[in-house]
>>> print(open('my_file-v6.txt').read())   # compact mmCIF, C-alpha atoms and all ligand atoms
# COMPACT_ATOMS: atom_id res chain seq x y z
CA MET A 142 18.43 -15.17 -35.05
CA PRO A 143 15.32 -17.01 -36.33
CA LYS A 144 16.22 -19.68 -38.85
CA ILE A 145 14.60 -19.81 -42.29
CA ILE A 146 14.03 -23.39 -43.47
CA ILE A 147 15.36 -23.92 -47.00
CA PHE A 148 13.14 -26.32 -48.94
CA ASP A 149 14.75 -27.16 -52.26
CA THR A 150 12.47 -28.31 -55.07
CA THR A 151 15.03 -28.50 -57.92
CA LEU A 152 14.36 -32.24 -58.23
CA ARG A 153 10.58 -31.79 -58.39
CA ASP A 154 9.38 -28.37 -59.64
CA GLY A 155 12.81 -27.72 -61.21
CA GLU A 156 12.74 -30.99 -63.08
CA GLN A 157 9.28 -30.07 -64.42
CA SER A 158 11.01 -27.43 -66.62
CA PRO A 159 10.69 -28.47 -70.24
CA GLY A 160 13.75 -30.47 -71.22
CA ALA A 161 15.17 -30.75 -67.70
CA SER A 162 14.48 -34.47 -67.13
CA LEU A 163 17.05 -36.29 -65.04
CA THR A 164 17.81 -39.99 -64.53
CA PRO A 165 17.54 -41.45 -61.00
CA THR A 166 21.37 -41.52 -60.79
CA GLU A 167 21.60 -37.85 -61.75
CA LYS A 168 18.88 -36.93 -59.26
CA LEU A 169 20.75 -38.74 -56.51
CA GLN A 170 23.95 -36.91 -57.41
CA ILE A 171 22.16 -33.56 -57.07
CA ALA A 172 20.43 -34.63 -53.84
CA LEU A 173 23.80 -35.48 -52.27
CA GLY A 174 25.09 -32.06 -53.33
CA LEU A 175 22.06 -30.39 -51.74
CA GLU A 176 22.60 -32.36 -48.54
CA LYS A 177 26.26 -31.30 -48.47
CA MET A 178 25.10 -27.69 -48.81
CA ARG A 179 22.84 -28.36 -45.78
CA VAL A 180 19.49 -27.83 -47.44
CA ASP A 181 16.85 -28.54 -44.76
CA VAL A 182 14.26 -30.24 -46.97
CA ILE A 183 14.85 -31.88 -50.36
CA GLU A 184 11.71 -32.38 -52.44
CA ALA A 185 12.97 -35.41 -54.34
CA GLY A 186 10.11 -35.84 -56.80
CA PHE A 187 6.52 -36.73 -57.58
CA PRO A 188 6.53 -40.56 -57.29
CA ILE A 189 3.18 -41.18 -59.03
CA ALA A 190 4.42 -39.41 -62.19
CA ALA A 191 6.64 -42.24 -63.55
CA SER A 192 8.37 -45.40 -62.38
CA SER A 193 11.79 -43.71 -62.81
CA GLU A 194 10.49 -40.94 -60.55
CA PHE A 195 9.54 -43.46 -57.87
CA LYS A 196 12.99 -45.05 -58.18
CA ALA A 197 14.76 -41.70 -57.88
CA VAL A 198 12.82 -40.67 -54.76
CA ASN A 199 13.38 -44.11 -53.25
CA GLU A 200 17.16 -44.03 -53.91
CA ILE A 201 17.41 -40.53 -52.46
CA ALA A 202 15.42 -41.67 -49.40
CA LYS A 203 17.95 -44.47 -48.88
CA LYS A 204 21.08 -42.32 -49.22
CA VAL A 205 20.27 -38.89 -47.78
CA LYS A 206 20.64 -38.83 -44.00
CA ASN A 207 20.72 -35.24 -42.82
CA SER A 208 18.08 -33.45 -44.88
CA ILE A 209 14.36 -34.26 -44.73
CA VAL A 210 13.37 -36.15 -47.90
CA CYS A 211 10.00 -35.03 -49.23
CA ALA A 212 7.72 -36.53 -51.88
CA LEU A 213 4.89 -34.69 -53.62
CA ALA A 214 1.38 -36.13 -53.90
CA ARG A 215 -1.96 -34.80 -55.07
CA ALA A 216 -4.63 -35.06 -52.38
CA LYS A 217 -5.56 -38.50 -53.70
CA LYS A 218 -5.14 -41.91 -52.07
CA GLU A 219 -3.26 -43.49 -54.99
CA ASP A 220 -0.68 -40.67 -55.04
CA ILE A 221 -0.26 -40.71 -51.27
CA LYS A 222 0.25 -44.49 -51.09
CA ILE A 223 3.00 -44.37 -53.70
CA ALA A 224 4.64 -41.35 -52.08
CA ILE A 225 4.64 -43.12 -48.68
CA GLU A 226 6.24 -46.19 -50.25
CA ALA A 227 8.88 -44.14 -52.09
CA ILE A 228 10.13 -42.29 -49.00
CA LYS A 229 9.84 -45.25 -46.63
CA PRO A 230 13.64 -45.76 -46.22
CA ALA A 231 14.28 -42.09 -45.33
CA LYS A 232 15.63 -41.22 -41.92
CA LYS A 233 13.64 -37.98 -41.95
CA LYS A 234 10.62 -37.89 -44.24
CA ARG A 235 7.81 -35.60 -45.33
CA ILE A 236 4.78 -35.88 -47.60
CA HIS A 237 3.75 -32.74 -49.46
CA LEU A 238 0.07 -32.76 -50.42
CA PHE A 239 -1.61 -30.21 -52.61
CA LEU A 240 -5.12 -29.32 -53.72
CA ALA A 241 -6.12 -26.12 -55.51
CA SER A 242 -8.10 -23.51 -53.61
CA SER A 243 -8.85 -20.95 -56.33
CA ASP A 244 -12.30 -20.98 -57.93
CA ILE A 245 -10.81 -21.16 -61.41
CA HIS A 246 -8.95 -24.38 -60.54
CA LEU A 247 -11.86 -25.86 -58.56
CA LYS A 248 -14.36 -25.19 -61.33
CA TYR A 249 -12.38 -25.90 -64.51
CA LYS A 250 -9.66 -28.32 -63.44
CA LEU A 251 -10.90 -30.32 -60.45
CA LYS A 252 -14.63 -29.81 -61.11
CA ILE A 253 -15.47 -29.86 -57.40
CA THR A 254 -17.14 -27.39 -55.06
CA ARG A 255 -15.42 -25.53 -52.22
CA ARG A 256 -17.20 -27.76 -49.71
CA GLU A 257 -15.92 -30.89 -51.50
CA ALA A 258 -12.41 -29.44 -51.52
CA LEU A 259 -12.49 -28.94 -47.74
CA LYS A 260 -13.71 -32.51 -47.25
CA GLN A 261 -10.99 -33.92 -49.50
CA ILE A 262 -8.27 -31.94 -47.71
CA LYS A 263 -9.39 -33.27 -44.33
CA GLU A 264 -9.65 -36.88 -45.50
CA MET A 265 -6.38 -36.98 -47.41
CA ILE A 266 -4.27 -35.30 -44.73
CA THR A 267 -5.74 -37.65 -42.12
CA PHE A 268 -4.95 -40.60 -44.40
CA ALA A 269 -1.33 -39.53 -45.07
CA LYS A 270 -0.76 -38.65 -41.42
CA LYS A 271 -1.32 -42.28 -40.40
CA ALA A 272 1.91 -43.22 -42.19
CA VAL A 273 4.03 -40.05 -42.02
CA ASN A 274 3.91 -37.53 -39.23
CA ASP A 275 5.49 -34.64 -41.12
CA ILE A 276 2.80 -33.43 -43.54
CA GLU A 277 3.00 -30.28 -45.62
CA PHE A 278 -0.07 -28.95 -47.39
CA SER A 279 -0.25 -26.49 -50.30
CA PRO A 280 -3.46 -24.75 -51.41
CA GLU A 281 -2.45 -24.56 -55.06
CA ASP A 282 -3.02 -21.18 -56.76
CA ALA A 283 -3.31 -19.60 -53.29
CA THR A 284 -2.63 -16.09 -54.57
CA ARG A 285 -5.70 -16.17 -56.85
CA SER A 286 -7.93 -17.76 -54.21
CA GLU A 287 -10.65 -15.86 -52.41
CA PRO A 288 -8.88 -14.93 -49.12
CA LEU A 289 -11.72 -15.96 -46.77
CA PHE A 290 -11.92 -19.39 -48.40
CA LEU A 291 -8.12 -19.68 -48.36
CA PHE A 292 -8.10 -19.04 -44.59
CA LYS A 293 -10.72 -21.80 -44.15
CA VAL A 294 -8.66 -24.23 -46.23
CA ILE A 295 -5.54 -23.53 -44.18
CA GLU A 296 -7.45 -23.88 -40.89
CA LYS A 297 -8.84 -27.23 -42.05
CA ALA A 298 -5.41 -28.48 -43.18
CA ILE A 299 -3.82 -27.62 -39.83
CA ALA A 300 -6.72 -29.11 -37.86
CA SER A 301 -6.29 -32.31 -39.92
CA GLY A 302 -2.59 -32.59 -39.03
CA ALA A 303 -0.53 -30.52 -41.51
CA LYS A 304 2.59 -29.14 -39.85
CA THR A 305 3.66 -26.88 -42.71
CA ILE A 306 1.35 -24.71 -44.78
CA ASN A 307 2.91 -23.71 -48.05
CA ILE A 308 1.47 -20.71 -49.90
CA PRO A 309 2.17 -21.13 -53.61
CA ASP A 310 2.05 -18.32 -56.10
CA THR A 311 1.48 -21.04 -58.68
CA VAL A 312 1.19 -18.82 -61.74
CA GLY A 313 3.60 -16.06 -60.68
CA TYR A 314 0.78 -13.50 -60.38
CA ALA A 315 1.69 -11.94 -57.03
CA LEU A 316 3.39 -8.61 -56.37
CA PRO A 317 5.81 -8.29 -53.43
CA GLU A 318 3.73 -5.90 -51.32
CA LYS A 319 0.50 -7.84 -51.92
CA PHE A 320 2.14 -11.21 -51.29
CA GLY A 321 3.64 -9.92 -48.03
CA GLU A 322 0.19 -8.66 -47.02
CA LEU A 323 -1.34 -12.07 -47.79
CA ILE A 324 1.12 -13.81 -45.45
CA ALA A 325 0.42 -11.23 -42.74
CA GLU A 326 -3.35 -11.72 -43.24
CA ILE A 327 -2.98 -15.49 -42.95
CA LYS A 328 -1.14 -15.02 -39.66
CA LYS A 329 -3.92 -12.74 -38.43
CA ASN A 330 -6.98 -14.62 -39.65
CA VAL A 331 -6.23 -18.33 -39.36
CA SER A 332 -7.06 -19.26 -35.77
CA ASN A 333 -4.71 -22.26 -35.46
CA ILE A 334 -1.83 -20.86 -37.57
CA LYS A 335 0.59 -20.97 -34.62
CA LYS A 336 0.54 -24.77 -34.83
CA ALA A 337 2.12 -24.71 -38.30
CA THR A 338 5.13 -23.35 -40.14
CA ILE A 339 4.25 -20.93 -42.94
CA SER A 340 6.10 -21.56 -46.19
CA VAL A 341 6.21 -19.66 -49.49
CA HIS A 342 6.63 -21.02 -53.02
CA CYS A 343 6.83 -18.40 -55.76
CA HIS A 344 7.00 -18.68 -59.53
CA ASN A 345 8.82 -16.21 -61.71
CA ASP A 346 6.34 -15.38 -64.51
CA LEU A 347 6.71 -11.65 -63.82
CA GLY A 348 10.34 -11.92 -62.71
CA LEU A 349 9.25 -11.40 -59.09
CA ALA A 350 9.75 -14.84 -57.54
CA THR A 351 12.68 -13.86 -55.32
CA ALA A 352 11.16 -10.51 -54.34
CA ASN A 353 7.83 -12.17 -53.48
CA SER A 354 9.52 -14.91 -51.45
CA LEU A 355 11.51 -12.35 -49.47
CA ALA A 356 8.35 -10.30 -48.85
CA GLY A 357 6.76 -13.50 -47.54
CA ILE A 358 9.68 -14.06 -45.17
CA LYS A 359 9.56 -10.46 -43.98
CA ASN A 360 5.90 -10.97 -43.11
CA GLY A 361 6.26 -14.18 -41.15
CA ALA A 362 7.02 -17.13 -43.45
CA SER A 363 9.77 -19.29 -41.98
CA GLN A 364 10.17 -21.77 -44.81
CA VAL A 365 10.97 -20.86 -48.41
CA GLU A 366 10.72 -23.16 -51.41
CA CYS A 367 13.25 -22.58 -54.15
CA THR A 368 15.40 -24.18 -56.83
CA ILE A 369 19.00 -24.08 -57.96
CA ASN A 370 19.45 -21.61 -60.85
CA GLY A 371 15.73 -20.74 -60.50
CA LEU A 372 14.68 -23.77 -62.54
CA GLY A 373 11.00 -24.65 -62.51
CA GLU A 374 7.72 -24.66 -64.39
CA ARG A 375 7.56 -22.03 -67.18
CA ALA A 376 9.70 -19.04 -66.08
CA GLY A 377 10.91 -21.00 -63.06
CA ASN A 378 10.82 -20.80 -59.28
CA ALA A 379 12.59 -18.45 -56.89
CA ALA A 380 16.33 -19.17 -57.07
CA LEU A 381 17.82 -20.70 -53.92
CA GLU A 382 21.10 -18.85 -54.40
CA GLU A 383 19.33 -15.47 -54.62
CA ILE A 384 17.22 -16.01 -51.53
CA VAL A 385 20.04 -17.39 -49.42
CA MET A 386 22.45 -14.62 -50.39
CA ALA A 387 19.81 -11.88 -49.99
CA LEU A 388 19.18 -13.14 -46.45
CA LYS A 389 22.93 -13.25 -45.77
CA VAL A 390 23.90 -9.92 -47.33
CA ARG A 391 20.86 -8.09 -45.90
CA ARG A 392 20.80 -9.76 -42.48
CA ASP A 393 20.47 -6.25 -41.08
CA TYR A 394 17.00 -6.02 -42.66
CA PHE A 395 15.68 -9.58 -42.44
CA GLN A 396 17.09 -10.44 -39.00
CA ALA A 397 17.06 -14.10 -39.99
CA GLU A 398 19.53 -16.69 -41.22
CA THR A 399 19.73 -19.99 -43.07
CA GLY A 400 21.91 -23.01 -42.39
CA ILE A 401 23.20 -23.14 -45.99
CA VAL A 402 26.92 -23.63 -46.61
CA THR A 403 27.08 -20.90 -49.22
CA ARG A 404 30.57 -21.91 -50.51
CA GLU A 405 28.85 -24.89 -52.16
CA ILE A 406 26.48 -22.74 -54.26
CA ALA A 407 28.59 -22.36 -57.43
CA LYS A 408 29.43 -26.07 -57.50
CA ILE A 409 25.81 -27.21 -57.29
CA SER A 410 24.71 -24.56 -59.79
CA LYS A 411 27.23 -25.95 -62.32
CA LEU A 412 26.19 -29.53 -61.58
CA VAL A 413 22.49 -28.78 -62.11
CA SER A 414 23.20 -26.86 -65.31
CA HIS A 415 25.44 -29.66 -66.62
CA LEU A 416 23.02 -32.50 -65.81
CA THR A 417 19.85 -30.75 -67.00
CA GLY A 418 21.56 -29.22 -70.05
CA ILE A 419 20.02 -25.84 -69.15
CA PRO A 420 22.68 -23.11 -69.23
CA VAL A 421 22.86 -20.30 -66.70
CA GLN A 422 22.58 -16.85 -68.27
CA PRO A 423 25.87 -14.90 -67.85
CA ASN A 424 24.21 -12.04 -65.95
CA LYS A 425 22.29 -14.36 -63.57
CA ALA A 426 22.52 -13.06 -60.00
CA ILE A 427 25.02 -14.90 -57.77
CA VAL A 428 25.96 -17.75 -60.14
CA GLY A 429 26.18 -16.17 -63.62
CA ALA A 430 29.60 -16.06 -65.29
CA ASN A 431 29.56 -12.24 -65.04
CA ALA A 432 28.23 -11.99 -61.47
CA PHE A 433 31.70 -11.15 -60.10
CA CYS A 434 33.41 -9.88 -63.28
CA HIS A 435 34.39 -6.27 -63.86
CA GLU A 436 35.33 -4.79 -67.21
CA ALA A 437 34.69 -1.07 -66.86
CA GLY A 438 37.75 1.02 -66.00
CA ILE A 439 36.08 2.99 -63.20
CA HIS A 440 34.85 -0.23 -61.57
CA GLN A 441 38.20 -1.99 -61.95
CA HIS A 442 39.95 0.99 -60.37
CA GLY A 443 37.47 0.96 -57.48
CA ILE A 444 37.79 -2.79 -56.93
CA LEU A 445 41.59 -2.59 -56.97
CA ASN A 446 41.50 0.09 -54.28
CA LYS A 447 38.74 -1.46 -52.15
CA ARG A 448 36.67 -4.48 -53.18
CA GLU A 449 33.52 -3.21 -51.45
CA THR A 450 33.27 -0.22 -53.84
CA TYR A 451 31.57 -2.49 -56.40
CA GLU A 452 30.95 -5.82 -54.68
CA ILE A 453 28.32 -6.37 -51.99
CA MET A 454 29.42 -9.93 -51.21
CA ARG A 455 32.63 -11.91 -51.55
CA ALA A 456 32.75 -14.19 -54.59
CA GLU A 457 34.52 -16.79 -52.42
CA ASP A 458 31.41 -16.96 -50.19
CA VAL A 459 29.52 -18.61 -53.06
CA GLY A 460 32.49 -20.63 -54.28
CA LEU A 461 33.57 -18.26 -57.09
CA ARG A 462 36.41 -15.82 -57.78
CA SER A 463 36.14 -12.15 -58.55
CA GLN A 464 37.75 -11.28 -61.89
CA LEU A 465 38.85 -8.21 -63.80
CA VAL A 466 38.21 -8.78 -67.50
CA LEU A 467 39.98 -6.73 -70.15
CA GLY A 468 37.80 -5.14 -72.81
CA LYS A 469 37.26 -1.78 -74.50
CA HIS A 470 35.81 -0.29 -71.32
CA SER A 471 38.88 -1.15 -69.24
CA GLY A 472 41.29 1.49 -68.00
CA LYS A 473 44.97 1.69 -67.21
CA HIS A 474 44.64 0.43 -63.62
CA GLY A 475 42.97 -2.81 -64.67
CA PHE A 476 45.44 -3.20 -67.55
CA GLU A 477 48.45 -2.74 -65.26
CA ASP A 478 46.98 -5.14 -62.70
CA LYS A 479 46.50 -7.78 -65.39
CA LEU A 480 50.11 -7.45 -66.54
CA LYS A 481 51.30 -7.86 -62.96
CA LYS A 482 49.18 -10.98 -62.57
CA ILE A 483 50.65 -12.61 -65.65
CA GLY A 484 54.16 -11.69 -64.50
CA ILE A 485 55.02 -8.79 -66.82
CA ARG A 486 56.66 -5.60 -65.66
CA LEU A 487 56.99 -2.60 -67.99
CA ASP A 488 58.47 0.83 -67.44
CA LYS A 489 56.21 3.87 -67.70
CA LYS A 490 56.83 4.50 -71.40
CA GLN A 491 56.41 0.87 -72.39
CA LEU A 492 53.24 0.66 -70.34
CA GLU A 493 51.76 3.69 -72.10
CA ARG A 494 52.54 2.25 -75.56
CA ALA A 495 51.20 -1.17 -74.65
CA PHE A 496 48.02 0.38 -73.24
CA GLN A 497 47.39 2.39 -76.42
CA LYS A 498 47.83 -0.75 -78.54
CA PHE A 499 45.57 -2.69 -76.21
CA LYS A 500 42.83 -0.02 -76.49
CA LYS A 501 42.95 -0.21 -80.28
CA LEU A 502 42.63 -3.98 -80.24
CA ALA A 503 39.92 -3.93 -77.56
CA ASP A 504 37.86 -1.58 -79.71
CA LYS A 505 37.61 -4.33 -82.31
CA LYS A 506 37.22 -7.35 -80.02
CA LYS A 507 34.82 -8.22 -77.19
CA ASN A 508 37.40 -9.54 -74.73
CA ILE A 509 41.16 -9.80 -74.72
CA SER A 510 42.54 -13.11 -73.47
CA ASP A 511 45.90 -13.52 -71.71
CA GLU A 512 47.32 -15.10 -74.88
CA GLU A 513 46.20 -12.16 -77.02
CA LEU A 514 47.68 -9.77 -74.51
CA LEU A 515 51.04 -11.55 -74.58
CA LYS A 516 51.03 -11.53 -78.38
CA LEU A 517 50.28 -7.81 -78.40
CA LEU A 518 53.08 -7.12 -75.93
O1 LIG A 601 3.43 -24.05 -57.95
C1 LIG A 601 2.72 -24.81 -57.27
O2 LIG A 601 1.59 -24.52 -56.92
C2 LIG A 601 3.30 -26.10 -56.90
C3 LIG A 601 2.57 -26.87 -55.87
C4 LIG A 601 2.62 -28.32 -56.13
C5 LIG A 601 3.12 -26.51 -54.52
O3 LIG A 601 4.37 -26.46 -57.35
ZN ZN A 602 5.46 -24.73 -58.21
>>> encode(input="my_file-v6.txt", output="structure tokens", more="lines below")
Ligand code: KIV
Ligand code: ZN
Amino acid sequence: MPKIIIFDTTLRDGEQSPGASLTPTEKLQIALGLEKMRVDVIEAGFPIAASSEFKAVNEIAKKVKNSIVCALARAKKEDIKIAIEAIKPAKKKRIHLFLASSDIHLKYKLKITRREALKQIKEMITFAKKAVNDIEFSPEDATRSEPLFLFKVIEKAIASGAKTINIPDTVGYALPEKFGELIAEIKKNVSNIKKATISVHCHNDLGLATANSLAGIKNGASQVECTINGLGERAGNAALEEIVMALKVRRDYFQAETGIVTREIAKISKLVSHLTGIPVQPNKAIVGANAFCHEAGIHQHGILNKRETYEIMRAEDVGLRSQLVLGKHSGKHGFEDKLKKIGIRLDKKQLERAFQKFKKLADKKKNISDEELLKLL
């Protein structure tokens, strides 16, 4: 099975979420968790941004041994020099350079022409390549770039030495079918594309980051950039846990796999939420508190008979436990199962009475805890 490279950018794009700032010690703690989960590439930060950022990337570069440690740099000498310095101690290192390729960014942000952009890409990749062999290049705002110019940019980046070409949907504008087509077009139209790995990096402004990333993979991308809990600029990035589990659960469709130890997912999700102070919404796919909880009677009955009736993956595979929660939608099967679990056996008549009392109480309350249940009994 072809392997999809998991490039985690929780510590870079994720940390750019408003209010998500982390100390170097906290970043290292997360990086070690990502390494334990066998993330292939850890984007540790943007060293030019702050001295604490340089320190964090440098510490991570010293301690992480198995994952590639990557630092972000604009296509500018001063950024590249600092990024090279920050990742120097790493056993496996990568520099990720970016320069926008859309006309709106070239004209209003960078104030350079297309021709100047191509020149800068060539010069800066050549410069970085002298110090670090593994260079990734991102044409920022790729999905709003004129395709023919985008192909030229990619061709130039590869010819200058980039080994990975990352296609960012910087502003979350893409739609799955269109994004998939773009990746297929890049494969078809960029003459030297076989010399590079195609990567995708999708933002979630329209809630499509995971869908777009998967469409990219289906059309030939073999690296995906993502973050724990979908953290990231504005509405966030594609969530690592969603992509990894989609590839695992729907292996039949994608015919690809990752090297991620999925049992570690819940632990790292909790760590990131705790350290950033950004909670995970209860109905968040894979890691939300309700992702493997069942309250409705019909569902509880199904689960008790055969788990697969209402679960497409095992909670244990992501480090969680499936739970039946008692509430007003619960039925007798779930109620009886709960009593068994807390060690209470009732005869048929008692069970019926207890169930009626429970239903009355559940109609007034959101959830019934074990303590409340015991009191009621
Ligand atoms: O979203 C984006 O374009 C980025 C680049 C730096 C890759 O984060
Ligand atoms: Zn981004």
>>> residues_near_ligand(input="my_file-v6.txt", ligand="ligand ZN 602 (chain A)", cutoff="10 Å", atoms="only C-alpha atoms and all ligand atoms", output="PyMOL selection string")
chain A and resi 150+153-155+157+279+281-282+309-313+342-345+366-367+373-375+377-379
>>> axis_aligned_box(input="my_file-v6.txt", around="ligand LIG 601 (chain A)", padding_each_side="8 Å", output="JSON")
{"center_x": 3.0, "center_y": -26.2, "center_z": -56.2, "size_x": 18.8, "size_y": 20.3, "size_z": 19.4}
>>> closest_residue(input="my_file-v6.txt", among="A:Ile236, A:Ser286, A:Thr417, A:Lys489", to="A:Thr151", atoms="only C-alpha atoms")
A:Thr417
>>> closest_residue(input="my_file-v6.txt", among="A:Ile406, A:Pro420, A:Gly443, A:Arg235", to="A:Asp458", atoms="all atoms listed in the file")
A:Ile406
>>> closest_residue(input="my_file-v6.txt", among="A:Lys411, A:Lys229, A:Arg256, A:Lys144", to="A:Gly460", atoms="all atoms listed in the file")
A:Lys411
>>> closest_residue(input="my_file-v6.txt", among="A:Arg404, A:His470, A:His237, A:Lys516", to="ligand LIG 601 (chain A)", atoms="all atoms listed in the file")
A:His237
>>> residues_around(input="my_file-v6.txt", residues="stretch 163-167 of chain A", least_positions_apart="3", cutoff="9 Å", atoms="only C-alpha atoms", output="VMD selection string")
chain A and resid 152 156 170 to 172 193 to 198 200 to 201 416 to 417
>>> atom_distance(input="my_file-v6.txt", atom1="atom CA of A:Val459", atom2="atom CA of A:Thr403")
5.1 Å
>>> decode(input="my_file-v6.txt", residues="stretch 417-434 of chain A", atoms="N, CA, C and O atoms", output="mmCIF file, in the first residue's frame")
data_model
loop_
_atom_site.group_PDB
_atom_site.id
_atom_site.type_symbol
_atom_site.label_atom_id
_atom_site.label_comp_id
_atom_site.auth_asym_id
_atom_site.auth_seq_id
_atom_site.Cartn_x
_atom_site.Cartn_y
_atom_site.Cartn_z
ATOM 1 N N THR A 417 -3.020 24.553 25.024
ATOM 2 C CA THR A 417 -3.407 25.771 24.284
ATOM 3 C C THR A 417 -4.583 26.467 24.960
ATOM 4 O O THR A 417 -4.844 27.650 24.703
ATOM 5 N N GLY A 418 -5.331 25.735 25.789
ATOM 6 C CA GLY A 418 -6.528 26.299 26.422
ATOM 7 C C GLY A 418 -7.690 26.368 25.440
ATOM 8 O O GLY A 418 -8.682 27.052 25.706
ATOM 9 N N ILE A 419 -7.584 25.672 24.309
ATOM 10 C CA ILE A 419 -8.681 25.690 23.322
ATOM 11 C C ILE A 419 -9.450 24.370 23.430
ATOM 12 O O ILE A 419 -8.913 23.306 23.100
ATOM 13 N N PRO A 420 -10.703 24.440 23.898
ATOM 14 C CA PRO A 420 -11.446 23.184 24.102
ATOM 15 C C PRO A 420 -11.844 22.518 22.786
ATOM 16 O O PRO A 420 -11.911 23.173 21.745
ATOM 17 N N VAL A 421 -12.096 21.230 22.870
ATOM 18 C CA VAL A 421 -12.554 20.477 21.692
ATOM 19 C C VAL A 421 -14.075 20.402 21.785
ATOM 20 O O VAL A 421 -14.612 20.048 22.833
ATOM 21 N N GLN A 422 -14.758 20.755 20.711
ATOM 22 C CA GLN A 422 -16.229 20.728 20.748
ATOM 23 C C GLN A 422 -16.702 19.277 20.963
ATOM 24 O O GLN A 422 -16.082 18.344 20.419
ATOM 25 N N PRO A 423 -17.780 19.065 21.748
ATOM 26 C CA PRO A 423 -18.177 17.689 22.081
ATOM 27 C C PRO A 423 -18.468 16.822 20.851
ATOM 28 O O PRO A 423 -18.211 15.621 20.870
ATOM 29 N N ASN A 424 -19.027 17.445 19.801
ATOM 30 C CA ASN A 424 -19.359 16.624 18.620
ATOM 31 C C ASN A 424 -18.239 16.605 17.578
ATOM 32 O O ASN A 424 -18.461 16.253 16.431
ATOM 33 N N LYS A 425 -17.019 16.970 17.962
ATOM 34 C CA LYS A 425 -15.879 16.932 17.030
ATOM 35 C C LYS A 425 -15.640 15.471 16.616
ATOM 36 O O LYS A 425 -15.584 14.581 17.462
ATOM 37 N N ALA A 426 -15.466 15.277 15.304
ATOM 38 C CA ALA A 426 -15.193 13.924 14.798
ATOM 39 C C ALA A 426 -13.954 13.356 15.473
ATOM 40 O O ALA A 426 -12.994 14.070 15.752
ATOM 41 N N ILE A 427 -13.977 12.096 15.752
ATOM 42 C CA ILE A 427 -12.881 11.280 16.316
ATOM 43 C C ILE A 427 -12.547 11.583 17.778
ATOM 44 O O ILE A 427 -12.458 10.660 18.578
ATOM 45 N N VAL A 428 -12.341 12.849 18.142
ATOM 46 C CA VAL A 428 -11.839 13.141 19.492
ATOM 47 C C VAL A 428 -12.834 13.879 20.397
ATOM 48 O O VAL A 428 -12.517 14.142 21.561
ATOM 49 N N GLY A 429 -14.002 14.241 19.891
ATOM 50 C CA GLY A 429 -14.987 14.940 20.725
ATOM 51 C C GLY A 429 -15.536 14.014 21.802
ATOM 52 O O GLY A 429 -15.558 12.780 21.621
ATOM 53 N N ALA A 430 -15.981 14.619 22.927
ATOM 54 C CA ALA A 430 -16.472 13.803 24.045
ATOM 55 C C ALA A 430 -17.649 12.909 23.625
ATOM 56 O O ALA A 430 -17.885 11.861 24.215
ATOM 57 N N ASN A 431 -18.401 13.329 22.610
ATOM 58 C CA ASN A 431 -19.561 12.531 22.183
ATOM 59 C C ASN A 431 -19.271 11.598 21.004
ATOM 60 O O ASN A 431 -20.182 10.924 20.519
ATOM 61 N N ALA A 432 -18.031 11.596 20.516
ATOM 62 C CA ALA A 432 -17.743 10.863 19.268
ATOM 63 C C ALA A 432 -18.058 9.370 19.364
ATOM 64 O O ALA A 432 -18.387 8.730 18.365
ATOM 65 N N PHE A 433 -17.986 8.811 20.584
ATOM 66 C CA PHE A 433 -18.292 7.380 20.752
ATOM 67 C C PHE A 433 -19.318 7.177 21.868
ATOM 68 O O PHE A 433 -19.276 6.193 22.575
ATOM 69 N N CYS A 434 -20.227 8.165 22.041
ATOM 70 C CA CYS A 434 -21.262 8.071 23.069
ATOM 71 C C CYS A 434 -22.612 7.838 22.403
ATOM 72 O O CYS A 434 -22.898 8.433 21.367
#
